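Below is the file coords11.cif, which contains mmCIF, C-alpha atoms.
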data_model
loop_
_atom_site.label_atom_id
_atom_site.label_comp_id
_atom_site.auth_asym_id
_atom_site.auth_seq_id
_atom_site.Cartn_x
_atom_site.Cartn_y
_atom_site.Cartn_z
CA MET A 15 -14.14 -53.67 -14.76
CA ASP A 16 -12.56 -51.10 -12.45
CA ALA A 17 -14.65 -52.31 -9.51
CA MET A 18 -13.59 -55.91 -10.13
CA ALA A 19 -9.94 -55.05 -10.74
CA HIS A 20 -9.86 -53.16 -7.45
CA ILE A 21 -11.01 -56.29 -5.64
CA MET A 22 -8.66 -58.69 -7.40
CA ALA A 23 -5.58 -56.48 -7.18
CA GLY A 24 -6.20 -54.94 -3.76
CA ASP A 25 -6.57 -56.07 -0.16
CA ALA A 26 -9.99 -57.65 -0.77
CA PHE A 27 -8.74 -60.55 -2.89
CA ALA A 28 -9.10 -63.11 -0.09
CA ASN A 29 -11.89 -65.48 0.89
CA PRO A 30 -14.56 -63.37 2.67
CA SER A 31 -15.05 -66.22 5.17
CA SER A 32 -11.39 -66.13 6.26
CA GLN A 33 -10.58 -64.86 9.75
CA HIS A 34 -7.80 -62.42 8.90
CA ALA A 35 -7.39 -58.85 7.68
CA ALA A 36 -7.57 -59.70 3.97
CA GLY A 37 -10.67 -61.83 4.60
CA ASP A 38 -12.27 -58.98 6.54
CA ALA A 39 -11.56 -56.59 3.64
CA ALA A 40 -13.17 -59.04 1.21
CA LEU A 41 -16.20 -59.40 3.49
CA ARG A 42 -16.61 -55.63 3.69
CA ALA A 43 -16.46 -55.38 -0.11
CA LEU A 44 -19.00 -58.18 -0.45
CA GLU A 45 -21.44 -56.62 1.98
CA GLU A 46 -21.09 -53.21 0.32
CA ALA A 47 -22.00 -54.83 -2.98
CA ARG A 48 -24.96 -56.53 -1.29
CA ARG A 49 -26.18 -53.18 0.06
CA GLU A 50 -25.85 -51.60 -3.37
CA VAL A 51 -27.83 -54.34 -5.13
CA ALA A 52 -30.49 -54.14 -2.42
CA ALA A 53 -30.78 -50.38 -2.87
CA CYS A 54 -31.20 -50.71 -6.64
CA LEU A 55 -33.92 -53.35 -6.31
CA ARG A 56 -35.56 -51.72 -3.28
CA SER A 57 -34.99 -54.61 -0.89
CA ARG A 58 -33.16 -55.21 2.38
CA PRO A 59 -29.51 -56.28 2.16
CA SER A 60 -30.38 -59.37 4.22
CA GLU A 61 -32.74 -60.42 1.42
CA VAL A 62 -29.97 -60.58 -1.22
CA GLU A 63 -28.26 -63.96 -1.70
CA TRP A 64 -25.39 -64.31 -4.15
CA VAL A 65 -25.58 -67.04 -6.80
CA SER A 66 -23.70 -67.84 -9.99
CA CYS A 67 -26.41 -67.01 -12.56
CA GLY A 68 -30.11 -66.67 -13.25
CA THR A 69 -30.49 -70.40 -13.82
CA GLU A 70 -29.19 -71.16 -10.34
CA ALA A 71 -31.44 -68.48 -8.83
CA ASN A 72 -34.50 -69.89 -10.59
CA ASN A 73 -33.66 -73.46 -9.61
CA GLN A 74 -33.23 -72.51 -5.96
CA ALA A 75 -36.42 -70.45 -5.94
CA LEU A 76 -38.48 -73.39 -7.21
CA LEU A 77 -36.84 -75.76 -4.73
CA THR A 78 -37.68 -73.28 -1.97
CA GLY A 79 -41.30 -73.17 -3.05
CA ALA A 80 -41.44 -76.96 -3.22
CA ALA A 81 -39.90 -77.27 0.25
CA TYR A 82 -42.59 -74.94 1.58
CA GLY A 83 -45.27 -77.00 -0.15
CA ALA A 84 -43.89 -80.27 1.24
CA ARG A 85 -43.95 -78.84 4.78
CA GLU A 86 -47.50 -77.53 4.38
CA GLY A 87 -48.90 -80.53 2.52
CA ARG A 88 -49.53 -78.45 -0.60
CA ARG A 89 -48.06 -79.98 -3.73
CA HIS A 90 -49.41 -77.89 -6.60
CA ILE A 91 -47.30 -75.32 -8.51
CA VAL A 92 -48.46 -72.80 -11.11
CA ALA A 93 -46.20 -71.19 -13.71
CA SER A 94 -46.60 -69.70 -17.15
CA ALA A 95 -45.96 -71.69 -20.30
CA VAL A 96 -43.50 -69.01 -21.47
CA GLU A 97 -41.01 -69.31 -18.59
CA HIS A 98 -37.27 -69.71 -19.14
CA PRO A 99 -36.08 -73.32 -19.52
CA SER A 100 -34.38 -73.10 -16.11
CA VAL A 101 -37.87 -72.84 -14.62
CA LEU A 102 -39.62 -75.32 -16.90
CA ARG A 103 -36.95 -78.02 -16.55
CA MET A 104 -36.95 -77.74 -12.76
CA LEU A 105 -40.74 -78.01 -12.75
CA GLU A 106 -40.43 -81.23 -14.74
CA ARG A 107 -37.98 -82.51 -12.13
CA LEU A 108 -40.31 -81.62 -9.26
CA ALA A 109 -43.19 -83.36 -11.03
CA SER A 110 -41.25 -86.58 -11.58
CA ALA A 111 -41.81 -89.49 -9.22
CA ASP A 112 -38.20 -89.39 -8.00
CA GLY A 113 -37.99 -85.60 -7.74
CA PRO A 114 -36.97 -83.50 -4.71
CA PHE A 115 -39.10 -83.56 -1.55
CA GLY A 116 -40.79 -86.78 -2.58
CA GLY A 117 -41.50 -85.64 -6.13
CA GLY A 118 -44.92 -85.94 -7.67
CA PHE A 119 -45.75 -82.21 -7.57
CA ASP A 120 -48.70 -81.30 -9.76
CA VAL A 121 -47.74 -78.50 -12.18
CA THR A 122 -50.14 -76.25 -14.08
CA LEU A 123 -48.74 -74.15 -16.93
CA VAL A 124 -50.82 -71.12 -17.84
CA ARG A 125 -50.82 -70.06 -21.48
CA PRO A 126 -50.47 -66.40 -22.47
CA ASP A 127 -52.55 -64.45 -24.95
CA GLU A 128 -51.44 -63.94 -28.54
CA THR A 129 -49.05 -61.16 -27.50
CA GLY A 130 -47.28 -63.26 -24.86
CA VAL A 131 -48.91 -61.64 -21.82
CA VAL A 132 -50.36 -63.97 -19.16
CA GLY A 133 -53.73 -62.86 -17.84
CA VAL A 134 -54.31 -62.42 -14.11
CA ALA A 135 -57.67 -64.14 -14.47
CA SER A 136 -55.98 -67.14 -16.10
CA VAL A 137 -53.59 -67.48 -13.16
CA LYS A 138 -56.45 -67.10 -10.68
CA GLU A 139 -58.38 -69.86 -12.42
CA ALA A 140 -55.37 -72.17 -12.10
CA LEU A 141 -54.97 -71.70 -8.33
CA ARG A 142 -56.12 -74.45 -5.96
CA GLU A 143 -56.31 -74.94 -2.23
CA ASP A 144 -53.11 -76.98 -2.37
CA THR A 145 -51.14 -74.47 -4.50
CA CYS A 146 -47.83 -73.68 -2.77
CA LEU A 147 -45.99 -71.62 -5.40
CA VAL A 148 -46.60 -69.42 -8.42
CA SER A 149 -43.65 -68.57 -10.68
CA LEU A 150 -44.21 -65.87 -13.29
CA MET A 151 -41.37 -64.15 -15.12
CA TYR A 152 -41.21 -60.36 -14.90
CA ALA A 153 -40.57 -59.98 -18.63
CA ASN A 154 -40.17 -62.51 -21.41
CA ASN A 155 -36.80 -62.96 -23.06
CA GLU A 156 -38.10 -63.80 -26.54
CA VAL A 157 -40.88 -61.28 -27.22
CA GLY A 158 -40.29 -58.78 -24.39
CA ALA A 159 -43.78 -59.08 -22.88
CA ILE A 160 -43.98 -57.63 -19.35
CA GLN A 161 -46.15 -59.80 -17.13
CA PRO A 162 -48.67 -58.60 -14.49
CA VAL A 163 -46.41 -59.74 -11.65
CA ARG A 164 -47.63 -57.19 -9.09
CA ASP A 165 -51.29 -58.16 -9.45
CA VAL A 166 -50.52 -61.89 -9.42
CA CYS A 167 -48.28 -61.47 -6.37
CA ARG A 168 -51.02 -59.67 -4.44
CA MET A 169 -53.42 -62.47 -5.29
CA CYS A 170 -50.94 -65.05 -4.03
CA ARG A 171 -50.27 -63.24 -0.76
CA LYS A 172 -53.98 -63.35 0.11
CA ARG A 173 -53.86 -67.15 -0.24
CA ALA A 174 -50.53 -67.77 1.54
CA ILE A 175 -48.98 -68.90 -1.76
CA LEU A 176 -45.31 -68.13 -2.34
CA PHE A 177 -44.60 -65.98 -5.39
CA HIS A 178 -41.41 -66.02 -7.44
CA THR A 179 -40.56 -63.85 -10.41
CA ASP A 180 -37.68 -64.41 -12.80
CA ALA A 181 -36.56 -60.80 -13.32
CA VAL A 182 -33.35 -61.68 -15.18
CA GLN A 183 -34.55 -59.92 -18.34
CA ALA A 184 -36.05 -56.95 -16.46
CA ALA A 185 -33.47 -55.85 -13.88
CA GLY A 186 -31.61 -52.77 -15.03
CA HIS A 187 -34.17 -52.15 -17.79
CA VAL A 188 -37.39 -51.39 -15.86
CA PRO A 189 -37.83 -50.15 -12.27
CA ILE A 190 -38.12 -52.95 -9.70
CA ASP A 191 -39.35 -52.49 -6.12
CA PHE A 192 -39.06 -55.80 -4.30
CA THR A 193 -40.44 -54.53 -0.99
CA ARG A 194 -43.34 -52.43 -2.28
CA ASP A 195 -44.58 -55.16 -4.59
CA GLY A 196 -44.34 -57.83 -1.90
CA PHE A 197 -42.43 -60.43 -3.91
CA ASP A 198 -41.28 -63.52 -2.02
CA MET A 199 -38.44 -64.39 -4.40
CA LEU A 200 -36.84 -62.63 -7.37
CA SER A 201 -34.02 -63.76 -9.67
CA VAL A 202 -31.45 -61.49 -11.36
CA SER A 203 -28.28 -62.07 -13.38
CA ALA A 204 -25.49 -59.52 -13.82
CA HIS A 205 -24.70 -60.04 -17.50
CA LYS A 206 -28.14 -58.80 -18.54
CA PHE A 207 -27.24 -55.24 -17.48
CA HIS A 208 -23.60 -55.18 -18.62
CA GLY A 209 -22.26 -56.82 -15.47
CA PRO A 210 -19.89 -59.80 -15.41
CA ARG A 211 -20.98 -63.29 -16.37
CA GLY A 212 -21.01 -65.90 -13.64
CA VAL A 213 -22.76 -63.93 -10.89
CA GLY A 214 -26.35 -63.15 -9.99
CA ALA A 215 -28.65 -62.94 -7.00
CA LEU A 216 -31.76 -64.51 -5.57
CA LEU A 217 -33.77 -62.11 -3.45
CA CYS A 218 -35.80 -63.81 -0.72
CA SER A 219 -38.18 -61.94 1.56
CA LYS A 220 -37.89 -62.37 5.31
CA ARG A 221 -40.86 -64.76 5.34
CA VAL A 222 -39.04 -67.21 3.05
CA VAL A 223 -36.46 -69.79 4.15
CA PRO A 224 -34.32 -70.55 1.06
CA ALA A 225 -33.78 -74.26 0.38
CA PRO A 226 -30.07 -74.83 -0.36
CA LEU A 227 -29.27 -75.96 -3.87
CA LEU A 228 -25.57 -76.42 -3.08
CA LEU A 229 -24.46 -78.22 0.09
CA GLY A 230 -21.19 -77.72 1.92
CA GLY A 231 -20.09 -74.71 3.95
CA ALA A 232 -22.25 -72.16 5.72
CA GLN A 233 -21.78 -69.30 3.27
CA GLU A 234 -24.71 -66.99 2.57
CA ARG A 235 -26.21 -67.72 6.01
CA GLY A 236 -26.21 -71.42 5.22
CA HIS A 237 -28.38 -71.00 2.12
CA ARG A 238 -25.72 -71.33 -0.59
CA ALA A 239 -22.48 -73.23 0.00
CA GLY A 240 -19.27 -72.27 -1.75
CA THR A 241 -16.79 -69.40 -1.74
CA VAL A 242 -18.55 -66.26 -2.88
CA ASN A 243 -17.34 -64.47 -6.02
CA VAL A 244 -16.46 -61.13 -4.40
CA ALA A 245 -15.09 -59.50 -7.55
CA GLY A 246 -18.15 -60.63 -9.50
CA ALA A 247 -20.48 -59.27 -6.81
CA ALA A 248 -18.68 -55.92 -6.88
CA GLY A 249 -18.89 -55.77 -10.67
CA MET A 250 -22.57 -56.69 -10.59
CA ALA A 251 -23.36 -54.00 -8.02
CA CYS A 252 -21.54 -51.36 -10.03
CA ALA A 253 -23.24 -52.33 -13.29
CA LEU A 254 -26.70 -52.44 -11.70
CA ARG A 255 -26.21 -49.04 -10.08
CA GLU A 256 -25.19 -47.48 -13.39
CA ALA A 257 -28.11 -49.13 -15.19
CA CYS A 258 -30.66 -47.98 -12.63
CA GLU A 259 -29.31 -44.44 -12.38
CA GLY A 260 -29.72 -43.94 -16.13
CA LEU A 261 -32.90 -45.96 -16.48
CA GLY A 262 -35.24 -43.19 -17.64
CA ASP A 263 -32.91 -41.76 -20.26
CA SER A 264 -31.80 -45.13 -21.59
CA ALA A 265 -35.36 -46.45 -21.85
CA SER A 266 -36.43 -43.40 -23.85
CA ARG A 267 -33.43 -43.69 -26.12
CA VAL A 268 -33.95 -47.41 -26.73
CA GLU A 269 -37.66 -46.86 -27.40
CA ALA A 270 -36.81 -44.27 -30.06
CA LEU A 271 -34.27 -46.61 -31.67
CA ARG A 272 -36.80 -49.43 -31.61
CA ALA A 273 -39.41 -47.25 -33.31
CA ARG A 274 -36.87 -46.33 -35.99
CA LEU A 275 -36.05 -49.98 -36.68
CA VAL A 276 -39.67 -51.13 -36.70
CA SER A 277 -40.68 -48.28 -39.01
CA ARG A 278 -37.90 -49.08 -41.50
CA LEU A 279 -38.74 -52.78 -41.57
CA THR A 280 -42.53 -52.61 -41.67
CA GLU A 281 -42.59 -49.91 -44.35
CA ALA A 282 -40.75 -52.31 -46.64
CA GLY A 283 -43.44 -54.95 -46.15
CA GLY A 284 -43.21 -58.66 -45.39
CA VAL A 285 -42.25 -58.03 -41.76
CA ARG A 286 -44.50 -58.64 -38.75
CA VAL A 287 -43.71 -57.52 -35.21
CA LEU A 288 -44.64 -60.11 -32.57
CA GLY A 289 -45.45 -59.47 -28.93
CA PRO A 290 -47.15 -56.48 -27.26
CA GLN A 291 -47.25 -53.25 -29.21
CA GLU A 292 -48.16 -51.06 -26.23
CA PRO A 293 -44.87 -49.76 -24.72
CA SER A 294 -46.06 -50.25 -21.13
CA LEU A 295 -46.52 -53.96 -21.81
CA ARG A 296 -43.06 -54.73 -23.19
CA LEU A 297 -39.36 -54.19 -22.69
CA PRO A 298 -38.11 -51.44 -24.99
CA GLY A 299 -34.98 -53.29 -26.09
CA ILE A 300 -36.45 -56.52 -27.50
CA VAL A 301 -37.92 -56.59 -31.01
CA ALA A 302 -39.47 -59.89 -32.09
CA LEU A 303 -39.80 -60.12 -35.86
CA ALA A 304 -41.38 -62.55 -38.29
CA LEU A 305 -39.92 -62.20 -41.79
CA GLU A 306 -42.40 -63.58 -44.30
CA GLY A 307 -40.94 -66.38 -46.40
CA VAL A 308 -37.53 -66.28 -44.68
CA ASP A 309 -36.06 -69.26 -42.84
CA HIS A 310 -34.51 -67.91 -39.66
CA GLU A 311 -31.56 -70.31 -39.59
CA SER A 312 -30.43 -69.14 -43.01
CA ALA A 313 -31.05 -65.52 -42.03
CA LEU A 314 -28.91 -65.91 -38.90
CA VAL A 315 -25.92 -67.05 -40.95
CA LEU A 316 -26.18 -64.27 -43.52
CA LEU A 317 -26.79 -61.56 -40.94
CA ASP A 318 -23.81 -62.74 -38.93
CA GLU A 319 -21.67 -62.46 -42.05
CA ALA A 320 -22.99 -58.91 -42.44
CA GLY A 321 -21.96 -58.07 -38.88
CA VAL A 322 -25.49 -58.02 -37.45
CA CYS A 323 -26.01 -60.15 -34.35
CA VAL A 324 -29.56 -61.41 -33.85
CA SER A 325 -31.04 -64.59 -32.39
CA ALA A 326 -33.81 -67.02 -33.22
CA GLY A 327 -35.18 -68.94 -30.25
CA SER A 328 -32.88 -70.79 -27.88
CA ALA A 329 -29.73 -72.56 -29.03
CA CYS A 330 -29.19 -76.18 -28.00
CA ALA A 331 -25.81 -77.70 -27.19
CA ALA A 332 -25.25 -78.70 -30.79
CA GLY A 333 -25.76 -75.13 -31.99
CA ALA A 334 -29.00 -75.79 -33.89
CA VAL A 335 -32.05 -73.59 -33.39
CA GLU A 336 -34.90 -75.21 -31.52
CA SER A 337 -38.52 -74.24 -32.10
CA SER A 338 -39.66 -71.58 -29.64
CA HIS A 339 -41.89 -72.83 -26.84
CA VAL A 340 -42.82 -69.18 -26.23
CA LEU A 341 -44.19 -68.65 -29.73
CA ALA A 342 -45.96 -72.01 -29.59
CA ALA A 343 -47.66 -71.02 -26.33
CA MET A 344 -48.74 -67.73 -27.95
CA GLY A 345 -50.41 -69.71 -30.72
CA VAL A 346 -48.01 -68.56 -33.44
CA PRO A 347 -48.25 -71.01 -36.37
CA SER A 348 -45.14 -73.14 -36.87
CA GLU A 349 -44.55 -71.73 -40.36
CA VAL A 350 -44.44 -68.21 -38.87
CA ALA A 351 -42.28 -69.33 -35.93
CA ARG A 352 -39.68 -70.59 -38.41
CA THR A 353 -39.27 -66.98 -39.62
CA TYR A 354 -38.77 -65.51 -36.13
CA LEU A 355 -35.78 -63.31 -35.32
CA ARG A 356 -35.09 -61.41 -32.11
CA VAL A 357 -33.25 -58.10 -32.28
CA SER A 358 -31.88 -56.66 -29.03
CA ILE A 359 -31.26 -52.91 -28.79
CA ASP A 360 -28.97 -51.37 -26.20
CA ALA A 361 -28.68 -47.70 -25.23
CA THR A 362 -24.88 -47.77 -24.96
CA GLU A 363 -24.08 -50.05 -27.90
CA ASN A 364 -26.52 -48.76 -30.52
CA ASP A 365 -27.23 -45.47 -32.24
CA GLU A 366 -29.28 -44.36 -35.24
CA ARG A 367 -26.54 -45.34 -37.65
CA SER A 368 -26.23 -48.89 -36.32
CA ILE A 369 -30.02 -49.26 -36.36
CA ASP A 370 -30.18 -48.15 -40.00
CA GLU A 371 -27.36 -50.54 -40.89
CA ALA A 372 -29.17 -53.39 -39.15
CA ALA A 373 -32.43 -52.56 -40.92
CA ASP A 374 -30.67 -52.46 -44.30
CA ALA A 375 -28.98 -55.80 -43.63
CA ILE A 376 -32.21 -57.49 -42.51
CA LEU A 377 -34.10 -56.26 -45.57
CA GLN A 378 -31.30 -57.27 -47.95
CA VAL A 379 -31.00 -60.74 -46.42
CA ALA A 380 -34.78 -61.20 -46.52
CA GLU A 381 -34.89 -60.20 -50.19
CA ARG A 382 -32.01 -62.54 -51.03
CA LEU A 383 -33.56 -65.53 -49.26
CA ARG A 384 -37.01 -64.93 -50.71
CA GLY A 385 -35.46 -64.75 -54.17
CA SER A 386 -33.60 -68.02 -53.73
CA ALA A 387 -36.79 -69.73 -52.54
CA ARG A 388 -38.67 -68.92 -55.75
#

Translate this file's structure into structure tokens.
Amino acid sequence: MDAMAHIMAGDAFANPSSQHAAGDAALRALEEARREVAACLRSRPSEVEWVSCGTEANNQALLTGAAYGAREGRRHIVASAVEHPSVLRMLERLASADGPFGGGFDVTLVRPDETGVVGVASVKEALREDTCLVSLMYANNEVGAIQPVRDVCRMCRKRAILFHTDAVQAAGHVPIDFTRDGFDMLSVSAHKFHGPRGVGALLCSKRVVPAPLLLGGAQERGHRAGTVNVAGAAGMACALREACEGLGDSASRVEALRARLVSRLTEAGGVRVLGPQEPSLRLPGIVALALEGVDHESALVLLDEAGVCVSAGSACAAGAVESSHVLAAMGVPSEVARTYLRVSIDATENDERSIDEAADAILQVAERLRGSAR
């Protein structure tokens, strides 16, 4: 907040494209934020492009891959079946007959194993001579599974296939090294690491020419039209720096809190933990639960009344809970998927007391709903 307030109340409030002193101050603040984000993600500042959110970053990344494919005469795209809707919906658009760059792209969705992890061999099997892009999320937002993005990226580089990873869920929670791992494109969003909503970034390596999603002015080197959110960029850079500086300590703390919650719930019985159990294969702060005999929509309402905020799949515009495409891809039976709840644990917001209170509330709600179903 302080970083953003300094921009909005100080000399850097102006449009960073303006040719005057206030504009120059805004540009300096913007480029400092760009350097800071680049340092946290181990990339070059010139590889960081500001966007409004992770959805925009993912959309632009897929358009960029499709543009590359159209130029090269390669119209096949591979992604996992557990990607965020902003990836899956854009893939549907690219596959449609009237889609961008002539449409008609052939899309292969690779299914994960029962824990939500996509196998490298499965991706390799899906590749073809005309594959132009592979998009594989860094970590899944519903079950926390960390994907083998480094190995898949190396495989793609050997075949001149562009590789994009949606790291929205991972940035600020696990170490990311854009340069070392050789990613072509990587998406991040500030609000996932306590930054402001409405700002994110798409990292593009020097071998990638981003396809503009928004047309107009020449901002962001002509790759993203529109006045840049300088205050948002400054807030994002500050939040990412703080998250990355405390990454080791916060991850250990969250892992301990997660273990406490899981132990309390599983000891009571009737609770199953979904997703990878090995810590190296999952984000520490996401706990995917299946509560035997408990409808998750009813549980959401009662837990909210108890002051416990959890989620159950993705919410549609009408506020209803849709069935999870992630759980379906993992082969989770529909009757189990209807009992799914996701608990998110944060190092700064949660402590042992709040975890115990959440565990008590979940168990009480589960007992109440099971009793009413008899």

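Note that the spacing between atom CA of A:Gly283 and atom CA of A:Leu305 amounts to 9.2 Å.
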
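Closest approach to A:Gly117 from the set A:Ala80, A:Val148, A:Ala36, A:Val132 is made by A:Ala80, with distances taken over only C-alpha atoms.
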
Checklist outcome for this item: If you count all atoms listed in the file, the residue of A:Leu297, A:Ser325, A:Glu63, A:Gly113 closest to A:Gly236 turns out to be A:Glu63

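The residues returned by the PyMOL selection byres ((chain A and resi 356) around 6) on the shown structure are Val301, Ala302, Val324, Ser325, Ala326, Leu355 and Val357 of chain A.
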
Next on the checklist: Can you translate the PyMOL selection byres ((chain A and resi 306-308) around 8) into the concrete residues it hits in this file, as a PyMOL selection string?
Outcome noted: chain A and resi 284-286+304-305+309-310+312-313+350+352-353+380+383-384

C-alpha atoms of the current selection, written as a PDB file, keeping the file's coordinate frame:
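again_28.pdb, freshly written:
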ATOM      1  CA  GLY A 284     -43.210 -58.660 -45.390  1.00  0.00           C
ATOM      2  CA  VAL A 285     -42.250 -58.030 -41.760  1.00  0.00           C
ATOM      3  CA  ARG A 286     -44.500 -58.640 -38.750  1.00  0.00           C
ATOM      4  CA  ALA A 304     -41.380 -62.550 -38.290  1.00  0.00           C
ATOM      5  CA  LEU A 305     -39.920 -62.200 -41.790  1.00  0.00           C
ATOM      6  CA  ASP A 309     -36.060 -69.260 -42.840  1.00  0.00           C
ATOM      7  CA  HIS A 310     -34.510 -67.910 -39.660  1.00  0.00           C
ATOM      8  CA  SER A 312     -30.430 -69.140 -43.010  1.00  0.00           C
ATOM      9  CA  ALA A 313     -31.050 -65.520 -42.030  1.00  0.00           C
ATOM     10  CA  VAL A 350     -44.440 -68.210 -38.870  1.00  0.00           C
ATOM     11  CA  ARG A 352     -39.680 -70.590 -38.410  1.00  0.00           C
ATOM     12  CA  THR A 353     -39.270 -66.980 -39.620  1.00  0.00           C
ATOM     13  CA  ALA A 380     -34.780 -61.200 -46.520  1.00  0.00           C
ATOM     14  CA  LEU A 383     -33.560 -65.530 -49.260  1.00  0.00           C
ATOM     15  CA  ARG A 384     -37.010 -64.930 -50.710  1.00  0.00           C
TER      16      ARG A 384
END

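The shortest atom-to-atom distance to A:Pro298, with only C-alpha atoms taken into account, belongs to A:Gly158 out of A:Gly158, A:Gly385, A:Gly196, A:Pro226.
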
Next on the checklist: Using Å and a single decimal, report how far atom CA of A:Arg85 sits from atom CA of A:Asp144.
Outcome noted: 11.8 Å

Please build the interface table for stretch 141-221 of chain A against stretch 244-254 of chain A with a cut-off of 7 Å, listing for each qualifying residue the nearest atom pair and the distance in Å to one decimal; count all atoms listed in the file, order rows by chain and increasing number, and write it as CSV.
residue,atom,partner,partner_atom,distance
A:Gly186,CA,A:Leu254,CA,5.9
A:Ala204,CA,A:Met250,CA,5.2
A:Phe207,CA,A:Leu254,CA,6.4
A:His208,CA,A:Ala253,CA,6.1
A:Gly209,CA,A:Met250,CA,4.9
A:Pro210,CA,A:Gly246,CA,6.2
A:Val213,CA,A:Gly246,CA,5.8

Checklist entry - Near A:Pro30, counting only C-alpha atoms, which residues have an atom at most 12 Å away, once you skip same-chain residues fewer than 6 positions from it, shown as a PyMOL selection string? => result chain A and resi 21+36-45+233-234+240-245+247

Checklist entry - If I put a ball of radius 10 Å at (-44.5, -72.3, -26.6) in the file's coordinates, which residues poke into it when counting all atoms listed in the file, written as a list of chain:residue names? => result A:Ala95, A:Val96, A:Glu97, A:Arg125, A:Pro126, A:Gly130, A:Ser337, A:Ser338, A:His339, A:Val340, A:Leu341, A:Ala342, A:Ala343, A:Met344, A:Gly345, A:Val346

Checklist entry - Do you know which residues the PyMOL selection byres ((chain A and resi 363-375) around 7) returns on this file, as a count of residues only? => result 15

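One finds atom CA of A:Asn73 at 10.5 Å from atom CA of A:Leu108.
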
Item to check | Contacts of A:Arg103 within 12 Å, all atoms listed in the file, excl. fewer than 2 positions in-chain, as a PyMOL selection string | outcome: chain A and resi 69+72-73+76+93+95+97-101+105-110+113+121

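You can rank A:Val65, A:Ala239, A:Ala181, A:Leu227 by their closest distance to A:Val163 using all atoms listed in the file, and at the top of that list sits A:Ala181.
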
Checklist entry - Could you pull the residues within 9 Å of A:Ala184, counting all atoms listed in the file, minus those fewer than 6 positions along the same chain, as a PyMOL selection string? => result chain A and resi 152-155+160+190+202+206+297

Next on the checklist: For stretch 52-57 of chain A, find every residue with an atom within 12 Å (counting only C-alpha atoms), except residues of its own chain fewer than 2 positions away, and show them as number ranges by chain.
Outcome noted: A: 45-50, 59-64, 181, 184-202, 215-220, 250-261

Checklist entry - Hey, what's within 12 Å of A:Ala81 if we count only C-alpha atoms and toss same-chain stuff fewer than 5 positions away? As a list in words, please? => result Gln74, Ala75, Leu76, Glu86, Gly87, Arg88, Arg89, His90, Ile91, Leu108, Gly113, Pro114, Phe115, Gly116, Gly117, Phe119, Cys146, Leu147, Leu176, Val222, Val223, Pro224, Ala225, Pro226 and Leu227 of chain A
